[in-house]
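*Asks:* Quick one, input.txt (compact mmCIF, C-alpha atoms and all ligand atoms):
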```txt
# COMPACT_ATOMS: atom_id res chain seq x y z
CA MET A 98 98.67 67.31 115.60
CA LYS A 99 102.40 67.92 115.35
CA LEU A 100 104.71 69.87 113.08
CA SER A 101 106.80 67.82 110.65
CA THR A 102 109.99 69.59 111.80
CA PRO A 103 111.79 70.04 115.14
CA HIS A 104 112.89 73.59 114.21
CA LEU A 105 111.43 76.55 112.34
CA LEU A 106 114.34 77.40 110.06
CA GLY A 107 112.32 78.57 107.08
CA ILE A 108 108.96 78.31 105.35
CA LYS A 109 110.82 76.36 102.64
CA ASP A 110 110.95 73.35 105.00
CA LEU A 111 107.27 73.45 106.05
CA LEU A 112 104.48 71.38 104.58
CA PRO A 113 101.14 73.09 103.82
CA GLN A 114 99.65 71.17 106.78
CA ASP A 115 102.36 72.61 109.09
CA ILE A 116 101.42 76.13 107.98
CA ARG A 117 97.72 75.37 108.49
CA LEU A 118 98.42 73.98 111.97
CA ILE A 119 100.40 77.08 112.97
CA LEU A 120 97.73 79.48 111.64
CA ASP A 121 94.89 77.56 113.34
CA THR A 122 96.81 77.39 116.63
CA ALA A 123 97.55 81.13 116.37
CA LYS A 124 93.81 81.78 116.08
CA GLN A 125 93.29 80.10 119.46
CA PHE A 126 96.11 82.15 121.00
CA LYS A 127 94.67 85.36 119.53
CA GLU A 128 91.47 84.58 121.47
CA VAL A 129 93.57 84.15 124.63
CA LEU A 130 95.16 87.55 123.97
CA GLN A 131 91.71 89.24 123.94
CA ARG A 132 91.00 88.04 127.52
CA PRO A 133 91.60 90.18 130.63
CA ILE A 134 94.19 87.57 131.74
CA LYS A 135 96.37 87.03 128.68
CA LYS A 136 98.72 84.45 130.15
CA VAL A 137 98.52 80.64 129.81
CA PRO A 138 100.76 78.08 131.55
CA SER A 139 101.63 76.13 128.36
CA LEU A 140 105.42 76.67 128.50
CA ARG A 141 105.91 76.76 132.27
CA ASP A 142 109.41 75.41 133.09
CA VAL A 143 110.55 75.92 129.48
CA THR A 144 113.49 78.33 129.14
CA ILE A 145 113.92 80.26 125.88
CA VAL A 146 116.83 82.49 124.86
CA ASN A 147 116.33 85.27 122.32
CA LEU A 148 119.67 85.60 120.55
CA PHE A 149 119.68 88.77 118.47
CA PHE A 150 122.93 89.29 116.56
CA GLU A 151 121.20 91.97 114.44
CA ASN A 152 118.92 94.90 115.35
CA SER A 153 115.20 94.37 115.78
CA THR A 154 112.23 96.14 117.34
CA ARG A 155 109.07 94.21 116.38
CA THR A 156 110.42 90.67 116.18
CA ARG A 157 112.39 90.77 119.43
CA ILE A 158 109.60 92.33 121.49
CA SER A 159 106.97 90.12 119.86
CA PHE A 160 108.91 86.92 120.67
CA GLU A 161 109.54 88.03 124.24
CA LEU A 162 105.88 88.88 124.74
CA ALA A 163 104.79 85.57 123.17
CA GLU A 164 107.17 83.68 125.49
CA ARG A 165 105.96 85.53 128.59
CA ARG A 166 102.29 85.03 127.62
CA LEU A 167 103.06 81.29 127.48
CA SER A 168 104.72 81.45 130.96
CA ALA A 169 108.18 80.50 129.63
CA ASP A 170 111.35 81.69 131.37
CA VAL A 171 112.96 84.23 129.04
CA LEU A 172 116.59 85.25 128.48
CA ASN A 173 117.56 88.08 126.14
CA PHE A 174 120.91 88.36 124.41
CA THR A 175 122.20 91.18 122.24
CA THR A 176 125.64 91.12 120.62
CA SER A 177 126.84 94.53 121.80
CA ALA A 178 126.44 93.60 125.48
CA SER A 179 128.00 90.12 125.15
CA SER A 180 131.36 88.39 124.80
CA VAL A 181 130.83 88.14 121.03
CA SER A 182 132.42 91.60 120.98
CA LYS A 183 135.53 89.91 122.54
CA GLY A 184 135.74 87.45 119.65
CA GLU A 185 133.64 84.50 120.88
CA THR A 186 132.01 82.51 118.05
CA MET A 187 128.25 82.14 117.70
CA LEU A 188 128.50 78.38 118.35
CA ASP A 189 130.57 78.84 121.53
CA THR A 190 128.14 81.51 122.71
CA VAL A 191 125.14 79.25 122.11
CA ASN A 192 126.75 76.16 123.67
CA ASN A 193 127.61 78.17 126.78
CA ILE A 194 124.03 79.41 127.06
CA LEU A 195 122.60 75.93 126.45
CA SER A 196 124.83 74.41 129.15
CA MET A 197 122.76 76.51 131.58
CA LYS A 198 119.76 74.30 130.64
CA VAL A 199 118.07 76.44 128.03
CA ASP A 200 115.44 74.59 125.98
CA MET A 201 114.82 76.72 122.89
CA VAL A 202 116.72 79.30 120.87
CA VAL A 203 115.23 82.18 118.90
CA LEU A 204 117.96 83.46 116.56
CA ARG A 205 118.28 86.57 114.43
CA HIS A 206 121.53 86.88 112.49
CA SER A 207 122.81 88.97 109.59
CA ALA A 208 124.33 85.85 107.98
CA SER A 209 122.01 83.81 105.76
CA GLY A 210 122.05 80.20 106.99
CA ALA A 211 123.11 80.97 110.59
CA PRO A 212 120.14 79.07 112.14
CA HIS A 213 120.68 76.14 109.75
CA PHE A 214 124.33 75.96 110.84
CA LEU A 215 123.28 76.03 114.48
CA ALA A 216 120.70 73.29 113.93
CA LYS A 217 123.50 70.96 112.79
CA HIS A 218 125.39 71.46 116.05
CA ILE A 219 122.81 71.71 118.85
CA SER A 220 119.81 69.61 119.82
CA SER A 221 117.56 72.40 121.18
CA ALA A 222 114.68 73.69 119.05
CA ILE A 223 115.68 76.71 116.96
CA VAL A 224 113.35 79.40 115.63
CA ASN A 225 114.71 81.58 112.83
CA ALA A 226 113.84 85.21 113.63
CA GLY A 227 115.41 86.42 110.36
CA ASP A 228 118.70 85.28 108.75
CA GLY A 229 120.41 87.69 106.36
CA THR A 230 118.61 87.85 103.02
CA ASN A 231 117.34 84.26 103.35
CA GLU A 232 114.14 83.84 105.38
CA HIS A 233 111.99 85.43 108.08
CA PRO A 234 109.47 82.63 108.61
CA THR A 235 107.46 84.07 111.51
CA GLN A 236 106.98 87.31 109.54
CA ALA A 237 105.53 85.34 106.61
CA LEU A 238 103.29 83.38 109.01
CA LEU A 239 101.97 86.56 110.64
CA ASP A 240 101.49 88.11 107.19
CA ALA A 241 99.51 85.04 106.10
CA TYR A 242 97.46 85.13 109.30
CA SER A 243 96.68 88.82 108.69
CA ILE A 244 95.67 88.20 105.06
CA GLU A 245 93.32 85.39 106.15
CA GLU A 246 91.88 87.56 108.90
CA ALA A 247 91.26 90.45 106.48
CA THR A 248 90.06 88.49 103.42
CA GLY A 249 88.84 85.11 104.72
CA SER A 250 91.41 82.83 103.03
CA LEU A 251 94.74 82.55 101.23
CA GLN A 252 93.53 80.22 98.47
CA GLY A 253 93.19 82.10 95.17
CA LYS A 254 94.11 85.49 96.64
CA LYS A 255 96.25 87.79 94.52
CA ILE A 256 99.18 89.16 96.50
CA ALA A 257 101.62 91.76 95.15
CA ILE A 258 104.99 91.94 96.90
CA VAL A 259 106.41 95.37 96.14
CA GLY A 260 109.86 96.92 96.33
CA ASP A 261 113.26 95.58 97.35
CA ILE A 262 112.69 91.88 96.62
CA MET A 263 116.42 91.22 96.09
CA HIS A 264 117.48 91.89 99.69
CA SER A 265 114.30 90.80 101.45
CA ARG A 266 114.04 87.68 103.59
CA VAL A 267 110.39 88.67 104.10
CA ALA A 268 109.78 88.41 100.34
CA LEU A 269 111.32 84.94 100.07
CA SER A 270 109.43 83.55 103.09
CA ASN A 271 106.18 85.09 101.81
CA ILE A 272 106.70 83.63 98.32
CA HIS A 273 107.33 80.15 99.78
CA LEU A 274 104.27 80.39 102.03
CA LEU A 275 101.79 81.96 99.62
CA THR A 276 102.60 79.60 96.74
CA LYS A 277 102.35 76.57 99.08
CA MET A 278 98.93 77.78 100.28
CA GLY A 279 97.39 78.41 96.84
CA ALA A 280 97.68 82.20 96.57
CA GLU A 281 98.90 83.91 93.39
CA VAL A 282 101.98 86.12 93.73
CA THR A 283 103.27 89.01 91.63
CA VAL A 284 106.49 90.79 92.56
CA ALA A 285 106.83 94.42 91.51
CA GLY A 286 109.77 96.79 91.70
CA PRO A 287 112.72 98.12 89.74
CA PRO A 288 114.54 95.50 87.61
CA THR A 289 117.69 95.99 89.72
CA LEU A 290 115.83 94.91 92.88
CA ILE A 291 114.15 91.77 91.50
CA PRO A 292 116.24 88.58 91.18
CA LYS A 293 116.09 86.95 87.75
CA PHE A 294 115.38 83.41 89.06
CA LEU A 295 112.01 84.14 90.70
CA THR A 296 109.63 83.14 87.89
CA GLU A 297 111.56 79.96 87.07
CA ALA A 298 112.02 78.89 90.70
CA PHE A 299 108.63 79.79 92.14
CA GLY A 300 106.25 80.49 89.25
CA VAL A 301 105.56 84.02 90.49
CA ASN A 302 104.73 86.84 88.07
CA VAL A 303 107.18 89.73 87.72
CA THR A 304 106.33 93.29 86.72
CA TYR A 305 108.32 96.50 86.79
CA ASN A 306 105.09 98.52 86.65
CA LEU A 307 103.74 99.29 90.12
CA LYS A 308 100.29 100.44 88.98
CA GLU A 309 99.80 97.23 86.97
CA ALA A 310 100.59 95.15 90.09
CA LEU A 311 98.25 97.20 92.29
CA GLN A 312 95.45 97.02 89.72
CA TRP A 313 95.82 93.21 89.70
CA CYS A 314 96.13 92.46 93.42
CA ASP A 315 93.83 92.04 96.43
CA VAL A 316 96.71 92.72 98.84
CA ALA A 317 99.97 94.67 98.43
CA ASN A 318 102.77 93.73 100.83
CA VAL A 319 105.18 96.65 100.54
CA LEU A 320 108.81 96.09 101.53
CA ARG A 321 111.40 98.35 103.04
CA ILE A 322 114.27 99.55 100.85
CA GLN A 323 117.26 97.88 102.54
CA LEU A 324 120.04 100.38 101.84
CA GLU A 325 122.23 98.67 104.46
CA ARG A 326 122.38 95.53 102.27
CA GLN A 327 123.15 97.36 99.00
CA ASN A 328 126.89 97.42 98.24
CA GLN A 329 126.33 99.60 95.16
CA PRO A 330 123.56 102.03 94.14
CA LEU A 331 120.66 100.05 92.60
CA PHE A 332 118.45 103.06 91.84
CA SER A 333 119.24 106.70 91.30
CA SER A 334 117.84 108.24 94.50
CA LEU A 335 115.21 107.66 97.19
CA ARG A 336 113.25 110.58 95.74
CA GLU A 337 113.12 108.94 92.31
CA TYR A 338 112.35 105.55 93.86
CA ASN A 339 109.36 107.15 95.59
CA ILE A 340 108.13 108.66 92.32
CA ALA A 341 108.28 105.33 90.46
CA TYR A 342 107.56 102.76 93.20
CA GLY A 343 106.24 104.62 96.26
CA ILE A 344 102.56 104.14 97.08
CA SER A 345 100.74 107.46 97.44
CA ARG A 346 97.12 108.30 98.23
CA LYS A 347 96.71 109.61 94.67
CA LEU A 348 97.91 106.30 93.21
CA LEU A 349 95.62 104.24 95.47
CA ASP A 350 92.61 106.42 94.61
CA SER A 351 93.34 106.09 90.89
CA LEU A 352 92.89 102.29 91.12
CA GLN A 353 89.14 102.71 91.74
CA LYS A 354 89.12 99.50 93.78
CA ASP A 355 89.96 98.59 97.37
CA ILE A 356 93.19 96.79 98.14
CA ILE A 357 94.79 95.94 101.46
CA ILE A 358 98.16 97.50 102.28
CA MET A 359 100.70 95.60 104.38
CA HIS A 360 104.28 96.34 105.43
CA PRO A 361 106.55 94.26 107.70
CA GLY A 362 108.16 97.38 109.21
CA PRO A 363 110.22 99.36 109.81
CA ILE A 364 108.63 101.74 107.27
CA ASN A 365 110.62 104.37 105.37
CA ARG A 366 107.79 106.92 105.27
CA GLY A 367 107.84 108.95 102.07
CA VAL A 368 109.95 106.31 100.30
CA GLU A 369 108.01 103.04 99.82
CA LEU A 370 104.80 104.29 101.48
CA ASP A 371 103.46 107.78 101.99
CA SER A 372 102.30 108.48 105.55
CA ASP A 373 98.63 108.87 104.63
CA VAL A 374 98.73 105.40 103.06
CA ALA A 375 100.58 103.79 105.99
CA ASN A 376 98.00 105.34 108.35
CA GLY A 377 95.04 104.99 105.97
CA HIS A 378 91.97 102.76 106.07
CA GLU A 379 93.53 100.21 103.66
CA SER A 380 96.49 99.62 105.98
CA ILE A 381 96.60 96.58 108.29
CA ILE A 382 100.19 97.24 109.35
CA LEU A 383 99.49 97.43 113.08
CA GLN A 384 97.19 94.39 112.91
CA GLN A 385 100.18 92.50 111.45
CA VAL A 386 102.21 93.48 114.52
CA GLU A 387 99.38 92.48 116.86
CA ASN A 388 98.97 89.11 115.11
CA GLY A 389 102.70 88.47 115.37
CA VAL A 390 102.41 87.72 119.09
CA ALA A 391 99.71 85.06 118.59
CA VAL A 392 101.58 83.52 115.65
CA ARG A 393 104.85 83.34 117.61
CA MET A 394 103.01 81.84 120.59
CA ALA A 395 101.72 79.14 118.21
CA VAL A 396 105.19 78.43 116.79
CA LEU A 397 106.83 78.19 120.22
CA TYR A 398 104.00 76.09 121.66
CA LEU A 399 104.05 73.62 118.74
CA LEU A 400 107.85 73.29 118.71
CA ALA A 401 107.98 72.79 122.47
CA GLY A 402 105.53 69.90 122.04
CA GLN A 403 107.79 68.05 119.56
N1 LIG B 501 109.54 93.06 110.63
C1 LIG B 501 110.69 92.99 111.32
O1 LIG B 501 111.41 91.99 111.27
O2 LIG B 501 110.97 94.09 112.08
P1 LIG B 501 112.23 94.20 113.10
O3 LIG B 501 113.47 94.22 112.26
O4 LIG B 501 112.00 95.47 113.86
O5 LIG B 501 112.19 92.99 113.97
```
Output the file's structure in the form of structure tokens.
*Replies:*
Amino acid sequence: MKLSTPHLLGIKDLLPQDIRLILDTAKQFKEVLQRPIKKVPSLRDVTIVNLFFENSTRTRISFELAERRLSADVLNFTTSASSVSKGETMLDTVNNILSMKVDMVVLRHSASGAPHFLAKHISSAIVNAGDGTNEHPTQALLDAYSIEEATGSLQGKKIAIVGDIMHSRVALSNIHLLTKMGAEVTVAGPPTLIPKFLTEAFGVNVTYNLKEALQWCDVANVLRIQLERQNQPLFSSLREYNIAYGISRKLLDSLQKDIIIMHPGPINRGVELDSDVANGHESIILQQVENGVAVRMAVLYLLAGQ
């Protein structure tokens, strides 16, 4: 089986069968990662560059680990230590790297559409590791994998996406994926952080009442408040945001039902999630991170086979 696309630019471009193929392949790689020897030779002689024009902890390390587990040769690039700081364009940078016989590019960039632009100009496979406020496809895939692992399936599951929907590439990729795979989605947060087009464009439910969303859902995927992307104040203070939209132990207990708590990281503890919720028995946050390696192995393996 093959993916219908030579790149992973966004979940928007994937067919449901592509998503299924990636999740099923990731399951096989997760089994590999439980073995004493966690390395397979699948991408031997394949060279991959991780181009990170924006900060990252989880995604960058997870991609590098996935590449090394697949026996690929790995190059890491960060803007601050490169000639981008001398004025070189992204395309020149990439073409110079590719001329050294690099096969695949993993790109994180603060500009929405950067990987799509690159895909028009280079022939190597590109994996979007997060572009601006557009998409973060491997995060949505690892979130989906984690939901399936915890609940058995995506079909018919009720997923609440909570918080800063407006600035979140994780939200958009999750909405694309979950609606393609038959889950129901509600977004919850302050009106100033929820784009108006969501219901019309995707058929998702919108609520400004956090407790209503939590009472409805099987899984709450809680997003980070992205202050660095807000040009103007969109809520009065972090303290007040926490009172209205933060998830506390008291709030979870008041639901009188079990829900699963997810977060893509990095967490603002005491803002969108209280520490005892992030560390509590409902939380699968670290399982998400663990699953990210298997999911990224699957993506790289399938794209290299195109
Ligand atoms: N979830 C996520 O993308 O985290 P990083 O920004 O640390 O990669």
*Asks:* If you count all atoms listed in the file, which residues fall within 7 Å of Leu148 in chain A, apart from same-chain ones fewer than 2 positions away, as a compact mmCIF listing (two decimals) with C-alpha atoms, in the frame of the given file?
*Replies:*
```txt
# COMPACT_ATOMS: atom_id res chain seq x y z
CA VAL A 146 116.83 82.49 124.86
CA PHE A 150 122.93 89.29 116.56
CA ASN A 173 117.56 88.08 126.14
CA PHE A 174 120.91 88.36 124.41
CA THR A 175 122.20 91.18 122.24
CA VAL A 202 116.72 79.30 120.87
CA VAL A 203 115.23 82.18 118.90
CA LEU A 204 117.96 83.46 116.56
CA ARG A 205 118.28 86.57 114.43
```
*Asks:* Under the rule that all atoms listed in the file are counted, which of A:Val368, A:Gly210, A:Leu215, A:Arg141 is the nearest residue to Thr190 in chain A?
*Replies:* A:Leu215
*Asks:* Report as a tab-separated table: every residue of chain A with an atom at most 7 Å from ligand LIG 501 (chain B), its closest pair of atoms, and their distance in Å to one decimal, counting all atoms listed in the file, with rows sorted by chain and ascending residue number.
*Replies:*
```
residue	atom	partner	partner_atom	distance
A:Asn152	CA	B:LIG501	O3	6.3
A:Ser153	CA	B:LIG501	O5	3.8
A:Thr154	CA	B:LIG501	O4	3.6
A:Arg155	CA	B:LIG501	O4	4.1
A:Thr156	CA	B:LIG501	O5	3.7
A:Arg157	CA	B:LIG501	O5	5.9
A:Gly227	CA	B:LIG501	O1	6.9
A:Gln236	CA	B:LIG501	N1	6.4
A:Pro361	CA	B:LIG501	N1	4.4
A:Gly362	CA	B:LIG501	N1	4.8
A:Pro363	CA	B:LIG501	O2	5.8
```
*Asks:* Tell me, as number ranges by chain, which residues lie within 9 Å of Gly286 in chain A, counting only C-alpha atoms; anything in the same chain fewer than 5 positions away does not count.
*Replies:* A: 258-262, 291, 303-307, 341-342
*Asks:* Work out how far CA of Val191 in chain A is from CA of Phe214 in chain A, in Å to one decimal.
*Replies:*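 Straight-line distance from CA of Phe214 in chain A to CA of Val191 in chain A works out to 11.8 Å.
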*Asks:* At what distance in Å, to one decimal, does CA of Arg393 in chain A lie from CA of Leu188 in chain A?
*Replies:*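 Atom-to-atom, CA of Leu188 in chain A to CA of Arg393 in chain A, that is 24.2 Å.
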*Asks:* Can you measure CA of Glu164 in chain A to CA of Ile382 in chain A for me? One decimal in Å is fine.
*Replies:* 22.2 Å
*Asks:* Would you mind telling me which residue in A:Pro113, A:Gly389, A:Gly377, A:Gly367 lies nearest to Ser159 in chain A when using only C-alpha atoms?
*Replies:*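 Among the listed residues, the smallest separation from Ser159 in chain A belongs to A:Gly389.
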*Asks:* Can you write out as a tab-separated table which residues of range 320-375 of chain A fall within 9 Å of range 239-249 of chain A, alongside each residue's closest atom pair and its distance in Å to one decimal, counting all atoms listed in the file and ordering rows by chain and ascending residue number?
*Replies:*
```
residue	atom	partner	partner_atom	distance
A:Ile357	CA	A:Ala247	CA	8.2
A:Met359	CA	A:Asp240	CA	8.0
A:His360	CA	A:Asp240	CA	8.9
A:Pro361	CA	A:Asp240	CA	8.0
```
*Asks:* So that I have them on file, write out the residues from the current selection with C-alpha atoms, as a PDB file, in the coordinates of the input.
*Replies:*
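Wrote it out as part36.pdb, contents follow:
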```pdb
ATOM      1  CA  ILE A 357      94.790  95.940 101.460  1.00  0.00           C
ATOM      2  CA  MET A 359     100.700  95.600 104.380  1.00  0.00           C
ATOM      3  CA  HIS A 360     104.280  96.340 105.430  1.00  0.00           C
ATOM      4  CA  PRO A 361     106.550  94.260 107.700  1.00  0.00           C
TER       5      PRO A 361
END
```
*Asks:* Measuring atom to atom with all atoms listed in the file, identify which of A:Ile256, A:Leu324, A:Ala237, A:Val199 is nearest to Asn388 in chain A.
*Replies:* A:Ala237
*Asks:* Return the single residue from A:Ser380, A:Asn231, A:Thr276, A:Thr176 that is closest to Val316 in chain A, with distances computed using only C-alpha atoms.
*Replies:* A:Ser380
*Asks:* For Arg132 in chain A, please output as an MDAnalysis selection string all residues within 12 Å (counting all atoms listed in the file; exclusion window: fewer than 6 positions along the same chain).
*Replies:* chainID A and resid 125:126 166
*Asks:* Given only C-alpha atoms as the basis, pick out the residue of A:Gln131, A:Ser345, A:Gln385, A:Ser351 nearest to Asp371 in chain A.
*Replies:*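 That would be A:Ser345, the residue with the smallest distance to Asp371 in chain A.
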*Asks:* Restricting the calculation to all atoms listed in the file: of A:Ser196, A:Gln323, A:Gln114, A:Ser168, which residue gets closest to Ser101 in chain A?
*Replies:*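 Going through A:Ser196, A:Gln323, A:Gln114, A:Ser168 one by one, the smallest distance to Ser101 in chain A is for A:Gln114.
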*Asks:* Might you pull out every residue within 8 Å of Ser139 in chain A, with all atoms listed in the file counted and same-chain residues fewer than 3 positions away left off, and present them as a PDB file with C-alpha atoms, in the coordinates of the input?
*Replies:*
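Saved file selection16.pdb follows:
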```pdb
ATOM      1  CA  LEU A 167     103.060  81.290 127.480  1.00  0.00           C
ATOM      2  CA  SER A 168     104.720  81.450 130.960  1.00  0.00           C
ATOM      3  CA  ALA A 169     108.180  80.500 129.630  1.00  0.00           C
ATOM      4  CA  TYR A 398     104.000  76.090 121.660  1.00  0.00           C
TER       5      TYR A 398
END
```
*Asks:* Could you list, as a list of chain:residue names, every residue within 12 Å of Lys198 in chain A, counting only C-alpha atoms and ignoring same-chain residues fewer than 2 positions away?
*Replies:* A:Asp142, A:Val143, A:Thr144, A:Ile145, A:Val146, A:Asp170, A:Leu172, A:Val191, A:Asn192, A:Asn193, A:Ile194, A:Leu195, A:Ser196, A:Asp200, A:Met201, A:Val202, A:Ser220, A:Ser221
*Asks:* Can you report as lines of an AutoDock Vina configuration file the centre and edge lengths in Å, to one decimal, of an axis-aligned box around the listed atoms of range 185-204 of chain A padded with 8 Å on each side?
*Replies:*
```
center_x = 124.2
center_y = 79.4
center_z = 124.1
size_x = 34.8
size_y = 26.2
size_z = 31.0
```
*Asks:* Using only C-alpha atoms and a cutoff of 9 Å, can you tell me which residues are near (97.9, 85.2, 119.6) in the file's coordinates, and write them out as a PyMOL selection string?
*Replies:* chain A and resi 122-131+163+387-395
*Asks:* Could you pull range 302-319 of chain A out of the block above and give me N, CA, C and O atoms, as an mmCIF file, in the first residue's frame?
*Replies:*
```cif
data_model
loop_
_atom_site.group_PDB
_atom_site.id
_atom_site.type_symbol
_atom_site.label_atom_id
_atom_site.label_comp_id
_atom_site.auth_asym_id
_atom_site.auth_seq_id
_atom_site.Cartn_x
_atom_site.Cartn_y
_atom_site.Cartn_z
ATOM 1 N N ASN A 302 -18.869 21.560 16.098
ATOM 2 C CA ASN A 302 -19.687 22.327 17.037
ATOM 3 C C ASN A 302 -18.790 23.357 17.732
ATOM 4 O O ASN A 302 -17.608 23.094 17.942
ATOM 5 N N VAL A 303 -19.384 24.482 18.089
ATOM 6 C CA VAL A 303 -18.628 25.516 18.820
ATOM 7 C C VAL A 303 -19.352 25.811 20.125
ATOM 8 O O VAL A 303 -20.581 25.951 20.142
ATOM 9 N N THR A 304 -18.623 25.868 21.222
ATOM 10 C CA THR A 304 -19.200 26.340 22.481
ATOM 11 C C THR A 304 -18.187 27.223 23.194
ATOM 12 O O THR A 304 -16.974 27.040 23.054
ATOM 13 N N TYR A 305 -18.733 28.199 23.919
ATOM 14 C CA TYR A 305 -17.870 29.073 24.717
ATOM 15 C C TYR A 305 -17.899 28.644 26.183
ATOM 16 O O TYR A 305 -17.351 29.314 27.040
ATOM 17 N N ASN A 306 -18.569 27.507 26.428
ATOM 18 C CA ASN A 306 -18.748 27.004 27.795
ATOM 19 C C ASN A 306 -17.915 25.737 27.972
ATOM 20 O O ASN A 306 -18.224 24.677 27.411
ATOM 21 N N LEU A 307 -16.828 25.861 28.722
ATOM 22 C CA LEU A 307 -15.894 24.738 28.871
ATOM 23 C C LEU A 307 -16.563 23.522 29.501
ATOM 24 O O LEU A 307 -16.400 22.394 29.019
ATOM 25 N N LYS A 308 -17.332 23.737 30.554
ATOM 26 C CA LYS A 308 -17.931 22.592 31.258
ATOM 27 C C LYS A 308 -18.889 21.828 30.336
ATOM 28 O O LYS A 308 -18.916 20.587 30.344
ATOM 29 N N GLU A 309 -19.620 22.549 29.512
ATOM 30 C CA GLU A 309 -20.535 21.907 28.550
ATOM 31 C C GLU A 309 -19.740 20.997 27.602
ATOM 32 O O GLU A 309 -20.140 19.866 27.332
ATOM 33 N N ALA A 310 -18.600 21.495 27.114
ATOM 34 C CA ALA A 310 -17.765 20.692 26.193
ATOM 35 C C ALA A 310 -17.223 19.452 26.903
ATOM 36 O O ALA A 310 -17.215 18.346 26.336
ATOM 37 N N LEU A 311 -16.774 19.621 28.134
ATOM 38 C CA LEU A 311 -16.185 18.486 28.869
ATOM 39 C C LEU A 311 -17.256 17.451 29.217
ATOM 40 O O LEU A 311 -17.006 16.241 29.195
ATOM 41 N N GLN A 312 -18.441 17.929 29.524
ATOM 42 C CA GLN A 312 -19.553 17.017 29.851
ATOM 43 C C GLN A 312 -19.925 16.173 28.622
ATOM 44 O O GLN A 312 -20.296 15.011 28.746
ATOM 45 N N TRP A 313 -19.742 16.745 27.433
ATOM 46 C CA TRP A 313 -20.131 16.097 26.178
ATOM 47 C C TRP A 313 -19.090 15.086 25.687
ATOM 48 O O TRP A 313 -19.430 14.056 25.112
ATOM 49 N N CYS A 314 -17.806 15.369 25.957
ATOM 50 C CA CYS A 314 -16.745 14.669 25.210
ATOM 51 C C CYS A 314 -16.270 13.363 25.859
ATOM 52 O O CYS A 314 -16.495 13.111 27.042
ATOM 53 N N ASP A 315 -15.609 12.534 25.039
ATOM 54 C CA ASP A 315 -14.849 11.381 25.541
ATOM 55 C C ASP A 315 -13.399 11.797 25.801
ATOM 56 O O ASP A 315 -12.731 11.238 26.669
ATOM 57 N N VAL A 316 -12.918 12.734 24.972
ATOM 58 C CA VAL A 316 -11.508 13.143 25.013
ATOM 59 C C VAL A 316 -11.445 14.666 24.908
ATOM 60 O O VAL A 316 -12.116 15.245 24.044
ATOM 61 N N ALA A 317 -10.635 15.306 25.766
ATOM 62 C CA ALA A 317 -10.396 16.745 25.629
ATOM 63 C C ALA A 317 -8.940 16.962 25.236
ATOM 64 O O ALA A 317 -8.028 16.552 25.954
ATOM 65 N N ASN A 318 -8.734 17.567 24.065
ATOM 66 C CA ASN A 318 -7.381 17.911 23.619
ATOM 67 C C ASN A 318 -7.199 19.399 23.914
ATOM 68 O O ASN A 318 -7.823 20.254 23.280
ATOM 69 N N VAL A 319 -6.393 19.698 24.902
ATOM 70 C CA VAL A 319 -6.281 21.056 25.443
ATOM 71 C C VAL A 319 -5.063 21.738 24.820
ATOM 72 O O VAL A 319 -3.965 21.176 24.819
#
```
